[in-house]
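The block underneath contains the structure these notes are about, expressed in structure tokens.
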Amino acid sequence: MVKIGNIEIGDFPLLLAPMEDVSDPPFRAVCKENGADLMYTEFISSEGLIRNAAKSVEKLDIYDYERPIGIQIFGDKIESMREAASIAEEASPEMIDINYGCPVKKVAGKGAGAGILLDLPKMQKMTAEIVKQVNLPVTVKTRLGWDESTIKIIEVAQRLQDVGISALTIHGRTRKQMYKGEADWTKIAEVKNHPDIHIPIFGNGDIDSPEKAVEYKNKYGVDGIMIGRASIGYPWIFNEIKHFMKTGEHLPPPSIKDRVNAAQKHLNFSVEWKGDKKGIFEMRRHYTNYFRGIPHFKPYRTRLVESISHEEILGILSEIENNFTEVFAS
């Protein structure tokens, strides 16, 4: 049984990655329902939290059905990160996660996210301060390094473990790679199999099928897998992986009814949580993913993204279910 602190998260947990503008409560709801064992919030700016910025504070919303859940924070100033960790702790998550992996220029270029991989002593000091500040387990998500010439992921893991983190997730790319190229899981395995490392090590990057999940589990020996982009519009991937690991067989693919139900739940929660206007607008990016691969779907997608009425969108989704069930089954 894998534990983060005293929190049991399964024999081989599947984690939902914290994805900006994706991993909000409505999206997490459909992923939890479909088998995610541990989820994290979108990353939250430490400066935004300590200044009580509405967008940052809103991201602290968590619900009991999501548990266990971690709140992820990022920033480049140690004192701000300490304060932000305390604020996040008040929202009562199971853990605090530190983002040392975000590659985007506006974050990494300022020394936050993956930018801190260029200053390991500061990374270690910041982590130590956060671990001392809160009474919850602290976890970290990071990358292999800034670029190919700065990969020191074993040293990173040792430094972080030494100051008391409870688990580490490693995305198998450098900051320079962004999301391009193939994730290098051999480096993740080197950390997991290092004799001095005893905290759980989770691998992240390129897991997009049950077969690959099983292959990487067996080949690299990680304690669990974090899934990001493959879950967008396809929350079923968590249960599909679990079923394949247990039986060696595939679950049937989600039917059109399954897809419509997930989209409806996602939309309803989005509207409930964000209000009609914002909830409808921010849901638009998800329709293509929920109905990917369905032939002749474009006119329906156009109607879904152009509608500004909650009821009208629900009607279009019902129409999709009625009109595509037979086609999809065949």
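Simple scheme: letters A, B, ... for chains in structure tokens order, numbers from 1 for residues in each chain, numbers from 1 for ligands in the order shown.
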
For Ile165 in chain A: contacts at 10 Å, only C-alpha atoms, fewer than 3 positions along chain excluded, given as a list in words: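 The residues that qualify are Ile4, Gly5, Ile96, Asp97, Ile98, Thr127, Ala128, Ile130, Val131, Pro137, Val138, Thr139, Val140, Ala157, Arg159, Leu160, Gln161, Asp162, Leu168, Ile199 and Pro200 of chain A.
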
Can those selected residues be exported to a file as a compact mmCIF listing (two decimals), in the first residue's frame so that it contains N, CA and C atoms?
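Generated output (result-v1.txt):
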```txt
# COMPACT_ATOMS: atom_id res chain seq x y z
N ILE A 4 1.23 8.46 1.54
CA ILE A 4 1.84 9.79 1.59
C ILE A 4 1.58 10.28 3.00
N GLY A 5 2.61 10.32 3.81
CA GLY A 5 2.41 10.51 5.23
C GLY A 5 1.65 9.30 5.75
N ILE A 96 -0.07 19.36 0.83
CA ILE A 96 0.34 20.55 0.08
C ILE A 96 1.37 20.09 -0.95
N ASP A 97 1.19 20.50 -2.19
CA ASP A 97 2.12 20.14 -3.26
C ASP A 97 2.82 21.40 -3.76
N ILE A 98 4.11 21.27 -4.04
CA ILE A 98 4.88 22.39 -4.56
C ILE A 98 5.19 22.14 -6.02
N THR A 127 11.67 24.46 0.16
CA THR A 127 10.93 23.25 0.54
C THR A 127 10.99 23.02 2.05
N ALA A 128 12.18 23.19 2.62
CA ALA A 128 12.35 23.01 4.06
C ALA A 128 11.44 23.94 4.84
N ILE A 130 8.62 25.30 3.88
CA ILE A 130 7.22 24.91 3.73
C ILE A 130 6.90 23.69 4.58
N VAL A 131 7.80 22.72 4.60
CA VAL A 131 7.60 21.51 5.42
C VAL A 131 7.48 21.90 6.90
N PRO A 137 1.35 16.55 5.07
CA PRO A 137 2.43 16.07 4.21
C PRO A 137 2.66 17.05 3.07
N VAL A 138 3.91 17.22 2.69
CA VAL A 138 4.27 18.07 1.56
C VAL A 138 4.81 17.19 0.45
N THR A 139 4.28 17.37 -0.75
CA THR A 139 4.77 16.63 -1.92
C THR A 139 5.29 17.63 -2.94
N VAL A 140 6.02 17.11 -3.93
CA VAL A 140 6.61 17.98 -4.96
C VAL A 140 6.39 17.35 -6.32
N ALA A 157 16.01 14.82 -5.83
CA ALA A 157 15.21 13.93 -4.98
C ALA A 157 15.82 13.79 -3.59
N ARG A 159 17.84 15.92 -2.02
CA ARG A 159 17.71 17.18 -1.29
C ARG A 159 16.29 17.36 -0.75
N LEU A 160 15.31 17.05 -1.58
CA LEU A 160 13.92 17.21 -1.17
C LEU A 160 13.53 16.21 -0.09
N GLN A 161 13.98 14.99 -0.23
CA GLN A 161 13.71 13.97 0.78
C GLN A 161 14.37 14.36 2.10
N ASP A 162 15.57 14.88 2.03
CA ASP A 162 16.31 15.26 3.24
C ASP A 162 15.59 16.32 4.07
N LEU A 168 7.31 12.33 -4.29
CA LEU A 168 7.84 13.13 -5.39
C LEU A 168 7.27 12.60 -6.71
N ILE A 199 11.05 7.59 -0.24
CA ILE A 199 9.69 8.14 -0.38
C ILE A 199 9.07 7.62 -1.67
N PRO A 200 7.74 7.63 -1.77
CA PRO A 200 7.10 7.21 -3.03
C PRO A 200 7.52 8.09 -4.20
```

Please produce, as JSON lines, a per-residue contact table for range 230-268 of chain A versus range 307-327 of chain A (criterion: any atom at most 9 Å away, only C-alpha atoms considered), showing the nearest atom pair and its distance in Å to one decimal, sorted by chain then residue number.
```
{"residue": "A:Ser255", "atom": "CA", "partner": "A:Thr325", "partner_atom": "CA", "distance": 7.7}
{"residue": "A:Ile256", "atom": "CA", "partner": "A:Thr325", "partner_atom": "CA", "distance": 5.8}
{"residue": "A:Lys257", "atom": "CA", "partner": "A:Glu321", "partner_atom": "CA", "distance": 5.8}
{"residue": "A:Arg259", "atom": "CA", "partner": "A:Glu321", "partner_atom": "CA", "distance": 8.6}
{"residue": "A:Val260", "atom": "CA", "partner": "A:Leu317", "partner_atom": "CA", "distance": 6.1}
{"residue": "A:Asn261", "atom": "CA", "partner": "A:Leu317", "partner_atom": "CA", "distance": 8.7}
{"residue": "A:Ala263", "atom": "CA", "partner": "A:Leu317", "partner_atom": "CA", "distance": 8.0}
{"residue": "A:Gln264", "atom": "CA", "partner": "A:Leu314", "partner_atom": "CA", "distance": 6.7}
{"residue": "A:Leu267", "atom": "CA", "partner": "A:His310", "partner_atom": "CA", "distance": 8.2}
{"residue": "A:Asn268", "atom": "CA", "partner": "A:His310", "partner_atom": "CA", "distance": 8.2}
```

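Using only C-alpha atoms, the protein and nucleic acid residues lying no more than 8 Å from Asn193 in chain A, apart from those fewer than 4 places from it along its own chain, are Ala189, Ile197 and Gly221 of chain A.
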
For Lys242 in chain A: contacts at 10 Å, only C-alpha atoms, fewer than 5 positions along chain excluded, given as a list in words: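 Neighbouring residues, sequence-local ones excluded: Phe12, Pro13, Leu14, Gly35, Ala36, Pro210, Ala213, Val214, Ile237, Thr247, Gly248, His250 and Leu251 of chain A.
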
Near-Met283 in chain A list (10 Å; only C-alpha atoms; drop same-chain fewer than 6 positions) as a list of chain:residue names: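 Contacts, in chain order: A:Val22, A:Pro26, A:Phe27, A:Ala263, A:His266, A:Leu267, A:Asn268, A:Ser270, A:Val271, A:Leu304, A:Val305.
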
Grab the residues selected above and save them as a short mmCIF file (atom, residue, chain, number, x, y, z; two decimals), in the first residue's frame with all heavy atoms.
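Listing of result_17.cif after writing:
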```cif
data_model
loop_
_atom_site.label_atom_id
_atom_site.label_comp_id
_atom_site.auth_asym_id
_atom_site.auth_seq_id
_atom_site.Cartn_x
_atom_site.Cartn_y
_atom_site.Cartn_z
N VAL A 22 -7.63 23.45 -16.38
CA VAL A 22 -8.28 22.15 -16.64
C VAL A 22 -8.72 21.49 -15.34
O VAL A 22 -9.88 21.12 -15.17
CB VAL A 22 -7.33 21.19 -17.41
CG1 VAL A 22 -8.00 19.81 -17.56
CG2 VAL A 22 -6.98 21.75 -18.78
N PRO A 26 -15.07 20.91 -11.33
CA PRO A 26 -15.93 20.14 -12.24
C PRO A 26 -15.19 19.03 -12.98
O PRO A 26 -15.70 17.91 -13.11
CB PRO A 26 -16.45 21.21 -13.22
CG PRO A 26 -16.39 22.48 -12.44
CD PRO A 26 -15.16 22.36 -11.59
N PHE A 27 -13.97 19.32 -13.45
CA PHE A 27 -13.19 18.30 -14.14
C PHE A 27 -12.76 17.21 -13.17
O PHE A 27 -12.82 16.02 -13.49
CB PHE A 27 -11.97 18.94 -14.80
CG PHE A 27 -11.09 17.96 -15.53
CD1 PHE A 27 -11.48 17.42 -16.74
CD2 PHE A 27 -9.87 17.56 -15.00
CE1 PHE A 27 -10.68 16.51 -17.42
CE2 PHE A 27 -9.06 16.66 -15.66
CZ PHE A 27 -9.46 16.13 -16.87
N ALA A 263 -20.17 14.77 -20.14
CA ALA A 263 -20.22 16.17 -20.55
C ALA A 263 -21.31 16.94 -19.81
O ALA A 263 -21.12 18.09 -19.41
CB ALA A 263 -20.42 16.26 -22.07
N HIS A 266 -20.17 17.48 -16.18
CA HIS A 266 -19.11 18.48 -16.20
C HIS A 266 -19.70 19.88 -16.39
O HIS A 266 -19.36 20.83 -15.68
CB HIS A 266 -18.13 18.14 -17.33
CG HIS A 266 -16.82 18.83 -17.24
ND1 HIS A 266 -15.70 18.39 -17.91
CD2 HIS A 266 -16.42 19.95 -16.58
CE1 HIS A 266 -14.68 19.20 -17.66
NE2 HIS A 266 -15.11 20.16 -16.86
N LEU A 267 -20.61 20.01 -17.35
CA LEU A 267 -21.25 21.30 -17.62
C LEU A 267 -22.07 21.78 -16.43
O LEU A 267 -21.97 22.94 -16.02
CB LEU A 267 -22.16 21.17 -18.85
CG LEU A 267 -23.07 22.36 -19.13
CD1 LEU A 267 -22.26 23.60 -19.51
CD2 LEU A 267 -24.08 22.03 -20.23
N ASN A 268 -22.88 20.89 -15.86
CA ASN A 268 -23.74 21.30 -14.75
C ASN A 268 -22.93 21.79 -13.57
O ASN A 268 -23.26 22.81 -12.94
CB ASN A 268 -24.64 20.13 -14.32
CG ASN A 268 -25.72 19.81 -15.34
OD1 ASN A 268 -26.06 20.65 -16.17
ND2 ASN A 268 -26.25 18.60 -15.30
N SER A 270 -19.86 22.91 -13.73
CA SER A 270 -19.16 24.11 -14.16
C SER A 270 -20.04 25.35 -13.98
O SER A 270 -19.60 26.38 -13.46
CB SER A 270 -18.74 23.96 -15.63
OG SER A 270 -17.92 25.03 -16.04
N VAL A 271 -21.30 25.22 -14.37
CA VAL A 271 -22.24 26.33 -14.22
C VAL A 271 -22.54 26.60 -12.75
O VAL A 271 -22.60 27.74 -12.30
CB VAL A 271 -23.53 26.03 -15.02
CG1 VAL A 271 -24.65 26.99 -14.63
CG2 VAL A 271 -23.25 26.10 -16.51
N LEU A 304 -22.60 23.60 -29.89
CA LEU A 304 -22.25 23.56 -28.46
C LEU A 304 -21.40 24.77 -28.05
O LEU A 304 -21.63 25.36 -27.00
CB LEU A 304 -21.47 22.27 -28.14
CG LEU A 304 -22.27 20.96 -28.12
CD1 LEU A 304 -21.33 19.77 -28.05
CD2 LEU A 304 -23.23 20.94 -26.93
N VAL A 305 -20.45 25.14 -28.88
CA VAL A 305 -19.55 26.24 -28.49
C VAL A 305 -20.15 27.61 -28.76
O VAL A 305 -19.70 28.61 -28.19
CB VAL A 305 -18.16 26.12 -29.16
CG1 VAL A 305 -17.49 24.82 -28.77
CG2 VAL A 305 -18.24 26.24 -30.66
#
```

DSSP strand (DSSP E or B) residues within range 145-245 of chain A, as a ChimeraX atom specification: /A:167-171,201-204,224-227

Just write the chosen residues, all heavy atoms, as a short mmCIF file (atom, residue, chain, number, x, y, z; two decimals), in the first residue's frame.
```cif
data_model
loop_
_atom_site.label_atom_id
_atom_site.label_comp_id
_atom_site.auth_asym_id
_atom_site.auth_seq_id
_atom_site.Cartn_x
_atom_site.Cartn_y
_atom_site.Cartn_z
N ALA A 167 6.48 12.65 -0.79
CA ALA A 167 6.40 11.96 -2.09
C ALA A 167 6.88 12.92 -3.17
O ALA A 167 6.83 14.14 -3.00
CB ALA A 167 4.98 11.50 -2.39
N LEU A 168 7.31 12.33 -4.29
CA LEU A 168 7.84 13.13 -5.39
C LEU A 168 7.27 12.60 -6.71
O LEU A 168 7.33 11.41 -6.98
CB LEU A 168 9.37 13.05 -5.42
CG LEU A 168 10.10 13.75 -6.59
CD1 LEU A 168 9.89 15.26 -6.54
CD2 LEU A 168 11.59 13.42 -6.55
N THR A 169 6.73 13.51 -7.51
CA THR A 169 6.30 13.17 -8.87
C THR A 169 7.29 13.79 -9.85
O THR A 169 7.61 14.98 -9.75
CB THR A 169 4.89 13.70 -9.17
OG1 THR A 169 3.96 13.12 -8.24
CG2 THR A 169 4.46 13.35 -10.59
N ILE A 170 7.75 12.98 -10.80
CA ILE A 170 8.74 13.46 -11.77
C ILE A 170 8.16 13.36 -13.18
O ILE A 170 7.77 12.28 -13.63
CB ILE A 170 10.04 12.63 -11.70
CG1 ILE A 170 10.61 12.67 -10.28
CG2 ILE A 170 11.07 13.17 -12.71
CD1 ILE A 170 11.75 11.67 -10.06
N HIS A 171 8.09 14.50 -13.84
CA HIS A 171 7.74 14.52 -15.26
C HIS A 171 9.02 14.26 -16.04
O HIS A 171 10.01 14.95 -15.85
CB HIS A 171 7.14 15.88 -15.64
CG HIS A 171 6.71 15.97 -17.07
ND1 HIS A 171 5.39 16.09 -17.44
CD2 HIS A 171 7.42 15.96 -18.22
CE1 HIS A 171 5.32 16.14 -18.76
NE2 HIS A 171 6.53 16.07 -19.26
N ILE A 201 7.78 7.46 -5.34
CA ILE A 201 8.14 8.17 -6.56
C ILE A 201 7.09 7.85 -7.63
O ILE A 201 6.85 6.69 -7.97
CB ILE A 201 9.54 7.75 -7.08
CG1 ILE A 201 10.61 7.99 -6.01
CG2 ILE A 201 9.87 8.46 -8.39
CD1 ILE A 201 10.83 9.46 -5.63
N PHE A 202 6.46 8.90 -8.12
CA PHE A 202 5.44 8.76 -9.15
C PHE A 202 5.99 9.27 -10.48
O PHE A 202 6.67 10.29 -10.53
CB PHE A 202 4.17 9.55 -8.78
CG PHE A 202 3.61 9.18 -7.43
CD1 PHE A 202 3.50 10.13 -6.43
CD2 PHE A 202 3.21 7.88 -7.16
CE1 PHE A 202 2.99 9.80 -5.18
CE2 PHE A 202 2.68 7.53 -5.92
CZ PHE A 202 2.58 8.49 -4.93
N GLY A 203 5.68 8.55 -11.56
CA GLY A 203 6.13 8.94 -12.88
C GLY A 203 5.03 9.65 -13.65
O GLY A 203 3.84 9.35 -13.49
N ASN A 204 5.44 10.59 -14.50
CA ASN A 204 4.49 11.38 -15.27
C ASN A 204 5.07 11.64 -16.66
O ASN A 204 6.25 11.91 -16.80
CB ASN A 204 4.23 12.70 -14.53
CG ASN A 204 3.35 13.67 -15.30
OD1 ASN A 204 3.67 14.84 -15.41
ND2 ASN A 204 2.24 13.20 -15.84
N GLY A 224 3.56 4.69 -8.59
CA GLY A 224 2.27 5.06 -9.16
C GLY A 224 2.51 5.94 -10.37
O GLY A 224 3.65 6.30 -10.68
N ILE A 225 1.42 6.29 -11.04
CA ILE A 225 1.52 7.07 -12.28
C ILE A 225 0.61 8.28 -12.18
O ILE A 225 -0.53 8.18 -11.73
CB ILE A 225 1.12 6.21 -13.50
CG1 ILE A 225 2.19 5.15 -13.79
CG2 ILE A 225 0.85 7.05 -14.73
CD1 ILE A 225 1.79 4.14 -14.84
N MET A 226 1.14 9.42 -12.63
CA MET A 226 0.31 10.63 -12.74
C MET A 226 -0.07 10.82 -14.20
O MET A 226 0.78 10.75 -15.09
CB MET A 226 1.07 11.86 -12.23
CG MET A 226 0.26 13.14 -12.34
SD MET A 226 1.11 14.59 -11.65
CE MET A 226 0.73 14.38 -9.89
N ILE A 227 -1.35 11.06 -14.42
CA ILE A 227 -1.87 11.21 -15.77
C ILE A 227 -2.41 12.62 -15.96
O ILE A 227 -3.15 13.13 -15.11
CB ILE A 227 -2.98 10.18 -16.04
CG1 ILE A 227 -2.38 8.76 -15.95
CG2 ILE A 227 -3.63 10.40 -17.40
CD1 ILE A 227 -3.41 7.67 -15.92
#
```

Selected residue, from A:Glu83, A:Glu155, A:Asp37, A:Asp24, that lies nearest to Trp273 in chain A when counting only C-alpha atoms: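 Answer, going by the shortest atom-to-atom distance: A:Asp24.
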
Contacts of Gln158 in chain A at 9 Å (only C-alpha atoms; same-chain gap of 4+ positions) as a PyMOL selection string: chain A and resi 153-154+162-163+191+196-197

A:Asn239, A:Thr174, A:Ser86, A:Thr302 ranked by distance to Lys32 in chain A, top pick (using only C-alpha atoms): A:Asn239

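Neighbours of range 16-18 of chain A closer than or equal to 7 Å, with only C-alpha atoms counted and sequence neighbours fewer than 3 positions away skipped, come out as Ser23, Ala36, Leu38, Met39, Tyr40, Thr41, Glu42, Phe43, Met226, Ile227 and Gly228 of chain A.
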